[in-house]
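Colleague: This is start-v4.pdb, which holds PDB, C-alpha atoms:
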```pdb
ATOM      1  CA  MET A 253      -7.220  41.668  55.426  1.00  0.00           C
ATOM      2  CA  ASP A 254      -9.109  39.322  57.681  1.00  0.00           C
ATOM      3  CA  MET A 255      -7.626  37.966  60.890  1.00  0.00           C
ATOM      4  CA  ALA A 256      -7.667  34.296  59.879  1.00  0.00           C
ATOM      5  CA  ASN A 257      -5.754  35.007  56.667  1.00  0.00           C
ATOM      6  CA  GLN A 258      -3.204  37.130  58.511  1.00  0.00           C
ATOM      7  CA  ALA A 259      -2.638  34.245  60.899  1.00  0.00           C
ATOM      8  CA  ARG A 260      -2.199  31.748  58.035  1.00  0.00           C
ATOM      9  CA  ILE A 261       0.241  33.984  56.141  1.00  0.00           C
ATOM     10  CA  LYS A 262       2.273  34.533  59.312  1.00  0.00           C
ATOM     11  CA  GLU A 263       2.369  30.791  59.965  1.00  0.00           C
ATOM     12  CA  ILE A 264       3.440  30.016  56.368  1.00  0.00           C
ATOM     13  CA  ALA A 265       6.165  32.700  56.384  1.00  0.00           C
ATOM     14  CA  GLU A 266       7.510  31.357  59.684  1.00  0.00           C
ATOM     15  CA  LYS A 267       7.422  27.773  58.419  1.00  0.00           C
ATOM     16  CA  TYR A 268       9.076  28.280  55.031  1.00  0.00           C
ATOM     17  CA  GLY A 269      10.948  31.553  55.535  1.00  0.00           C
ATOM     18  CA  SER A 270       9.807  34.891  54.082  1.00  0.00           C
ATOM     19  CA  GLU A 271      12.330  34.609  51.240  1.00  0.00           C
ATOM     20  CA  ASN A 272      10.532  31.496  49.959  1.00  0.00           C
ATOM     21  CA  VAL A 273       6.973  32.816  50.014  1.00  0.00           C
ATOM     22  CA  VAL A 274       5.091  34.895  47.425  1.00  0.00           C
ATOM     23  CA  VAL A 275       1.595  36.320  47.880  1.00  0.00           C
ATOM     24  CA  VAL A 276      -0.769  36.739  44.915  1.00  0.00           C
ATOM     25  CA  LEU A 277      -3.898  38.879  45.249  1.00  0.00           C
ATOM     26  CA  GLY A 278      -7.179  39.212  43.403  1.00  0.00           C
ATOM     27  CA  GLY A 279      -8.569  42.344  45.061  1.00  0.00           C
ATOM     28  CA  ALA A 280     -11.341  44.159  43.215  1.00  0.00           C
ATOM     29  CA  GLU A 281     -10.118  47.655  44.055  1.00  0.00           C
ATOM     30  CA  ALA A 282      -6.771  49.373  44.176  1.00  0.00           C
ATOM     31  CA  GLU A 283      -7.332  50.437  47.766  1.00  0.00           C
ATOM     32  CA  SER A 284      -8.186  46.985  49.131  1.00  0.00           C
ATOM     33  CA  ALA A 285      -5.377  45.335  47.152  1.00  0.00           C
ATOM     34  CA  GLY A 286      -2.979  47.997  48.406  1.00  0.00           C
ATOM     35  CA  LEU A 287      -3.995  47.465  52.034  1.00  0.00           C
ATOM     36  CA  THR A 288      -3.510  43.722  51.722  1.00  0.00           C
ATOM     37  CA  ALA A 289      -0.116  44.254  50.094  1.00  0.00           C
ATOM     38  CA  GLU A 290       0.874  46.662  52.860  1.00  0.00           C
ATOM     39  CA  THR A 291      -0.176  44.102  55.480  1.00  0.00           C
ATOM     40  CA  VAL A 292       2.027  41.294  54.136  1.00  0.00           C
ATOM     41  CA  ILE A 293       4.994  43.614  53.591  1.00  0.00           C
ATOM     42  CA  ALA A 294       5.011  45.988  56.533  1.00  0.00           C
ATOM     43  CA  GLY A 295       2.398  44.652  58.978  1.00  0.00           C
ATOM     44  CA  ASP A 296      -1.271  45.257  59.675  1.00  0.00           C
ATOM     45  CA  PRO A 297      -1.905  49.010  59.260  1.00  0.00           C
ATOM     46  CA  THR A 298      -5.068  48.745  61.359  1.00  0.00           C
ATOM     47  CA  TYR A 299      -3.134  47.306  64.324  1.00  0.00           C
ATOM     48  CA  ALA A 300      -5.869  44.724  64.819  1.00  0.00           C
ATOM     49  CA  GLY A 301      -4.563  41.419  63.468  1.00  0.00           C
ATOM     50  CA  PRO A 302      -1.797  38.873  64.000  1.00  0.00           C
ATOM     51  CA  LEU A 303       0.523  40.806  61.651  1.00  0.00           C
ATOM     52  CA  THR A 304       0.447  43.982  63.741  1.00  0.00           C
ATOM     53  CA  ASN A 305       4.020  45.295  63.953  1.00  0.00           C
ATOM     54  CA  ILE A 306       5.306  42.289  61.995  1.00  0.00           C
ATOM     55  CA  ALA A 307       7.018  43.194  58.718  1.00  0.00           C
ATOM     56  CA  LEU A 308       7.207  39.942  56.768  1.00  0.00           C
ATOM     57  CA  LYS A 309       8.453  41.776  53.648  1.00  0.00           C
ATOM     58  CA  LEU A 310       6.773  39.211  51.429  1.00  0.00           C
ATOM     59  CA  PRO A 311       6.868  39.814  47.674  1.00  0.00           C
ATOM     60  CA  VAL A 312       3.264  40.481  46.664  1.00  0.00           C
ATOM     61  CA  TYR A 313       1.649  40.815  43.239  1.00  0.00           C
ATOM     62  CA  HIS A 314      -1.868  41.175  41.904  1.00  0.00           C
ATOM     63  CA  ILE A 315      -2.789  38.457  39.417  1.00  0.00           C
ATOM     64  CA  LEU A 316      -3.558  41.197  36.865  1.00  0.00           C
ATOM     65  CA  GLU A 317       0.147  42.118  36.976  1.00  0.00           C
ATOM     66  CA  LEU A 318       1.128  38.573  36.045  1.00  0.00           C
ATOM     67  CA  LYS A 319      -0.950  38.353  32.860  1.00  0.00           C
ATOM     68  CA  GLU A 320       2.071  37.950  30.597  1.00  0.00           C
ATOM     69  CA  LEU A 321       3.257  34.931  32.584  1.00  0.00           C
ATOM     70  CA  VAL A 322      -0.029  33.014  32.686  1.00  0.00           C
ATOM     71  CA  ASP A 323      -0.992  30.550  29.972  1.00  0.00           C
ATOM     72  CA  PRO A 324      -3.137  32.718  27.646  1.00  0.00           C
ATOM     73  CA  GLN A 325      -6.014  30.244  27.435  1.00  0.00           C
ATOM     74  CA  VAL A 326      -6.209  29.833  31.203  1.00  0.00           C
ATOM     75  CA  TYR A 327      -6.074  33.603  31.668  1.00  0.00           C
ATOM     76  CA  GLU A 328      -8.851  34.020  29.155  1.00  0.00           C
ATOM     77  CA  ASP A 329     -11.015  31.421  30.901  1.00  0.00           C
ATOM     78  CA  GLN A 330     -10.383  32.535  34.488  1.00  0.00           C
ATOM     79  CA  ILE A 331      -9.629  36.254  34.488  1.00  0.00           C
ATOM     80  CA  SER A 332     -10.613  38.061  31.302  1.00  0.00           C
ATOM     81  CA  MET A 333     -14.258  38.647  32.296  1.00  0.00           C
ATOM     82  CA  MET A 334     -13.275  40.388  35.523  1.00  0.00           C
ATOM     83  CA  GLU A 335     -10.393  42.176  33.832  1.00  0.00           C
ATOM     84  CA  MET A 336     -12.955  44.029  31.745  1.00  0.00           C
ATOM     85  CA  VAL A 337     -14.760  45.472  34.771  1.00  0.00           C
ATOM     86  CA  LEU A 338     -11.853  46.134  37.120  1.00  0.00           C
ATOM     87  CA  GLU A 339      -9.743  49.302  37.145  1.00  0.00           C
ATOM     88  CA  VAL A 340      -6.634  47.480  35.975  1.00  0.00           C
ATOM     89  CA  ASP A 341      -4.367  50.526  35.624  1.00  0.00           C
ATOM     90  CA  GLU A 342      -5.271  51.810  39.082  1.00  0.00           C
ATOM     91  CA  ILE A 343      -4.692  48.425  40.695  1.00  0.00           C
ATOM     92  CA  VAL A 344      -1.349  47.897  38.940  1.00  0.00           C
ATOM     93  CA  ALA A 345      -0.183  51.429  39.848  1.00  0.00           C
ATOM     94  CA  GLU A 346      -1.159  50.996  43.493  1.00  0.00           C
ATOM     95  CA  MET A 347       0.628  47.645  43.790  1.00  0.00           C
ATOM     96  CA  SER A 348       3.731  49.137  42.239  1.00  0.00           C
ATOM     97  CA  ASN A 349       3.611  52.157  44.577  1.00  0.00           C
ATOM     98  CA  ILE A 350       3.219  50.027  47.684  1.00  0.00           C
ATOM     99  CA  ARG A 351       6.149  47.778  46.704  1.00  0.00           C
ATOM    100  CA  ASP A 352       8.367  50.740  45.830  1.00  0.00           C
ATOM    101  CA  GLU A 353       7.539  52.430  49.101  1.00  0.00           C
ATOM    102  CA  LEU A 354       7.666  49.499  51.504  1.00  0.00           C
ATOM    103  CA  MET A 355       9.963  46.834  50.042  1.00  0.00           C
ATOM    104  CA  LYS A 356      13.034  49.062  50.047  1.00  0.00           C
ATOM    105  CA  ASP A 357      15.228  48.566  53.090  1.00  0.00           C
TER     106      ASP A 357
ATOM    107  CA  MET B 677       7.573  45.217  35.682  1.00  0.00           C
ATOM    108  CA  THR B 678      10.537  42.933  35.303  1.00  0.00           C
ATOM    109  CA  ILE B 679       9.531  39.591  36.681  1.00  0.00           C
ATOM    110  CA  ASP B 680       9.567  36.223  34.989  1.00  0.00           C
ATOM    111  CA  LYS B 681       8.482  32.683  35.703  1.00  0.00           C
ATOM    112  CA  SER B 682      11.851  31.778  37.214  1.00  0.00           C
ATOM    113  CA  PHE B 683      11.065  34.108  40.120  1.00  0.00           C
ATOM    114  CA  PHE B 684       8.236  31.774  41.168  1.00  0.00           C
ATOM    115  CA  ALA B 685      10.175  28.507  40.801  1.00  0.00           C
ATOM    116  CA  GLY B 686      10.419  26.726  44.141  1.00  0.00           C
ATOM    117  CA  LYS B 687       8.397  29.412  45.910  1.00  0.00           C
ATOM    118  CA  LYS B 688       5.448  28.759  48.225  1.00  0.00           C
ATOM    119  CA  ILE B 689       2.484  30.645  46.814  1.00  0.00           C
ATOM    120  CA  CYS B 690      -0.232  32.158  49.038  1.00  0.00           C
ATOM    121  CA  ILE B 691      -3.350  33.243  47.189  1.00  0.00           C
ATOM    122  CA  LEU B 692      -5.681  35.880  48.595  1.00  0.00           C
ATOM    123  CA  GLY B 693      -8.595  36.149  46.196  1.00  0.00           C
ATOM    124  CA  ASP B 694     -11.537  38.518  46.449  1.00  0.00           C
ATOM    125  CA  ARG B 695     -15.165  37.543  46.072  1.00  0.00           C
ATOM    126  CA  ASP B 696     -15.853  40.814  44.242  1.00  0.00           C
ATOM    127  CA  GLY B 697     -12.642  40.698  42.222  1.00  0.00           C
ATOM    128  CA  ILE B 698     -10.739  37.592  41.195  1.00  0.00           C
ATOM    129  CA  PRO B 699     -11.652  34.596  43.390  1.00  0.00           C
ATOM    130  CA  GLY B 700      -8.940  32.379  44.877  1.00  0.00           C
ATOM    131  CA  PRO B 701      -9.575  29.307  42.709  1.00  0.00           C
ATOM    132  CA  ALA B 702      -9.307  31.370  39.491  1.00  0.00           C
ATOM    133  CA  ILE B 703      -5.949  32.757  40.635  1.00  0.00           C
ATOM    134  CA  ALA B 704      -4.852  29.240  41.558  1.00  0.00           C
ATOM    135  CA  GLU B 705      -5.590  27.967  38.024  1.00  0.00           C
ATOM    136  CA  CYS B 706      -3.428  30.778  36.642  1.00  0.00           C
ATOM    137  CA  MET B 707      -0.591  30.219  39.093  1.00  0.00           C
ATOM    138  CA  LYS B 708      -0.472  26.536  38.184  1.00  0.00           C
ATOM    139  CA  THR B 709       0.670  27.669  34.728  1.00  0.00           C
ATOM    140  CA  ILE B 710       3.383  29.942  36.165  1.00  0.00           C
ATOM    141  CA  GLY B 711       5.028  27.721  38.754  1.00  0.00           C
ATOM    142  CA  GLY B 712       5.720  27.492  42.452  1.00  0.00           C
ATOM    143  CA  GLU B 713       3.779  25.449  44.976  1.00  0.00           C
ATOM    144  CA  ILE B 714       0.390  26.740  46.062  1.00  0.00           C
ATOM    145  CA  VAL B 715       0.239  26.314  49.846  1.00  0.00           C
ATOM    146  CA  PHE B 716      -2.786  28.464  50.663  1.00  0.00           C
ATOM    147  CA  THR B 717      -5.825  29.683  48.742  1.00  0.00           C
ATOM    148  CA  SER B 718      -8.513  31.926  50.176  1.00  0.00           C
ATOM    149  CA  THR B 719     -11.259  34.176  48.870  1.00  0.00           C
ATOM    150  CA  GLU B 720     -11.895  37.218  51.021  1.00  0.00           C
ATOM    151  CA  CYS B 721     -15.040  39.258  51.139  1.00  0.00           C
ATOM    152  CA  PHE B 722     -14.370  42.934  51.740  1.00  0.00           C
ATOM    153  CA  VAL B 723     -18.005  43.966  52.113  1.00  0.00           C
TER     154      VAL B 723
END
```
Show the structure stored in the file as structure tokens.
Modeller:
Amino acid sequence: MDMANQARIKEIAEKYGSENVVVVLGGAEAESAGLTAETVIAGDPTYAGPLTNIALKLPVYHILELKELVDPQVYEDQISMMEMVLEVDEIVAEMSNIRDELMKD
Amino acid sequence: MTIDKSFFAGKKICILGDRDGIPGPAIAECMKTIGGEIVFTSTECFV
């Protein structure tokens, strides 16, 4: 997750409070989505960015996980093309694993 | 996954899209139909 985005997320969480912030991802691969999720929950695993050692514990979801909640026509227009080429099951499983592992207190 | 629209009500939404996956603006269009207030939208490039 790039440094500028880490800084923005940190700033937003500090401004509004972590309990009021939700992060939604669009990562192409399970691994990259998982790393981003890990960063906003438990801190930067590469120890390079502004979120190093800062566990914001932000709820984080991939947009593919929220399909049932999105207006079907909008989902069709915006997401369905990419949904066909992405490894949806892998991404959803990774997001779920990361949350289960890191969101528990 | 047990999550519904009410979870997002009143929340500040940060969107981290991916140039090779789902871009930020596409996620934003979807989130507008779910709820919450979008406070940040970005599209990362992991290459």
Colleague: Can you tell me, as a list in words, what residues are no more than 12 Å from Asp296 of chain A when counting only C-alpha atoms, ignoring any on the same chain fewer than 6 positions away?
Modeller: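 After dropping sequence-adjacent residues, the list is Met253, Asp254, Met255, Asn257, Gln258, Ala259, Ile261, Lys262, Gly286, Leu287, Thr288, Ala289, Glu290, Pro302, Leu303, Thr304, Asn305, Ile306, Ala307, Leu308 and Lys309 of chain A.
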Colleague: Determine, using only C-alpha atoms, which residues of chain B have any atom at most 6 Å from an atom of chain A, and tabulate each with its shortest atom pair and distance in Å to one decimal place, rows ordered by chain and then rising number, as a tab-separated table.
Modeller:
```
residue	atom	partner	partner_atom	distance
B:Lys687	CA	A:Asn272	CA	5.0
B:Lys688	CA	A:Val273	CA	4.7
B:Ile689	CA	A:Val274	CA	5.0
B:Cys690	CA	A:Val275	CA	4.7
B:Ile691	CA	A:Val276	CA	4.9
B:Leu692	CA	A:Leu277	CA	4.8
B:Gly693	CA	A:Gly278	CA	4.4
B:Asp694	CA	A:Gly279	CA	5.0
B:Asp696	CA	A:Ala280	CA	5.7
B:Gly697	CA	A:Ala280	CA	3.8
B:Ile698	CA	A:Gly278	CA	4.5
B:Ala702	CA	A:Gln330	CA	5.2
B:Cys706	CA	A:Val322	CA	5.7
B:Thr709	CA	A:Val322	CA	5.8
B:Ile710	CA	A:Val322	CA	5.8
```
Colleague: Just how far from atom CA of Cys721 of chain B is atom CA of Met347 of chain A, in Å to one decimal?
Modeller: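 Here the two named atoms are 19.2 Å from each other.
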Colleague: If I take atom CA of Glu353 of chain A and atom CA of Ala294 of chain A, how far is one from the other in Å, to one decimal?
Modeller: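 Atom-to-atom, atom CA of Glu353 of chain A to atom CA of Ala294 of chain A, that is 10.2 Å.
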Colleague: Please evaluate the PyMOL selection byres ((chain B and resi 681) around 8) against the structure above and give the resulting residues as a list in words.
Modeller: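 After applying the PyMOL selection byres ((chain B and resi 681) around 8), what remains is Leu321 of chain A; Ile679, Asp680, Ser682, Phe683, Phe684, Ala685, Ile710 and Gly711 of chain B.
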Colleague: Quote the spacing between atom CA of Ile350 of chain A and atom CA of Glu263 of chain A in Å to one decimal place.
Modeller: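 Here the two named atoms are 22.8 Å from each other.
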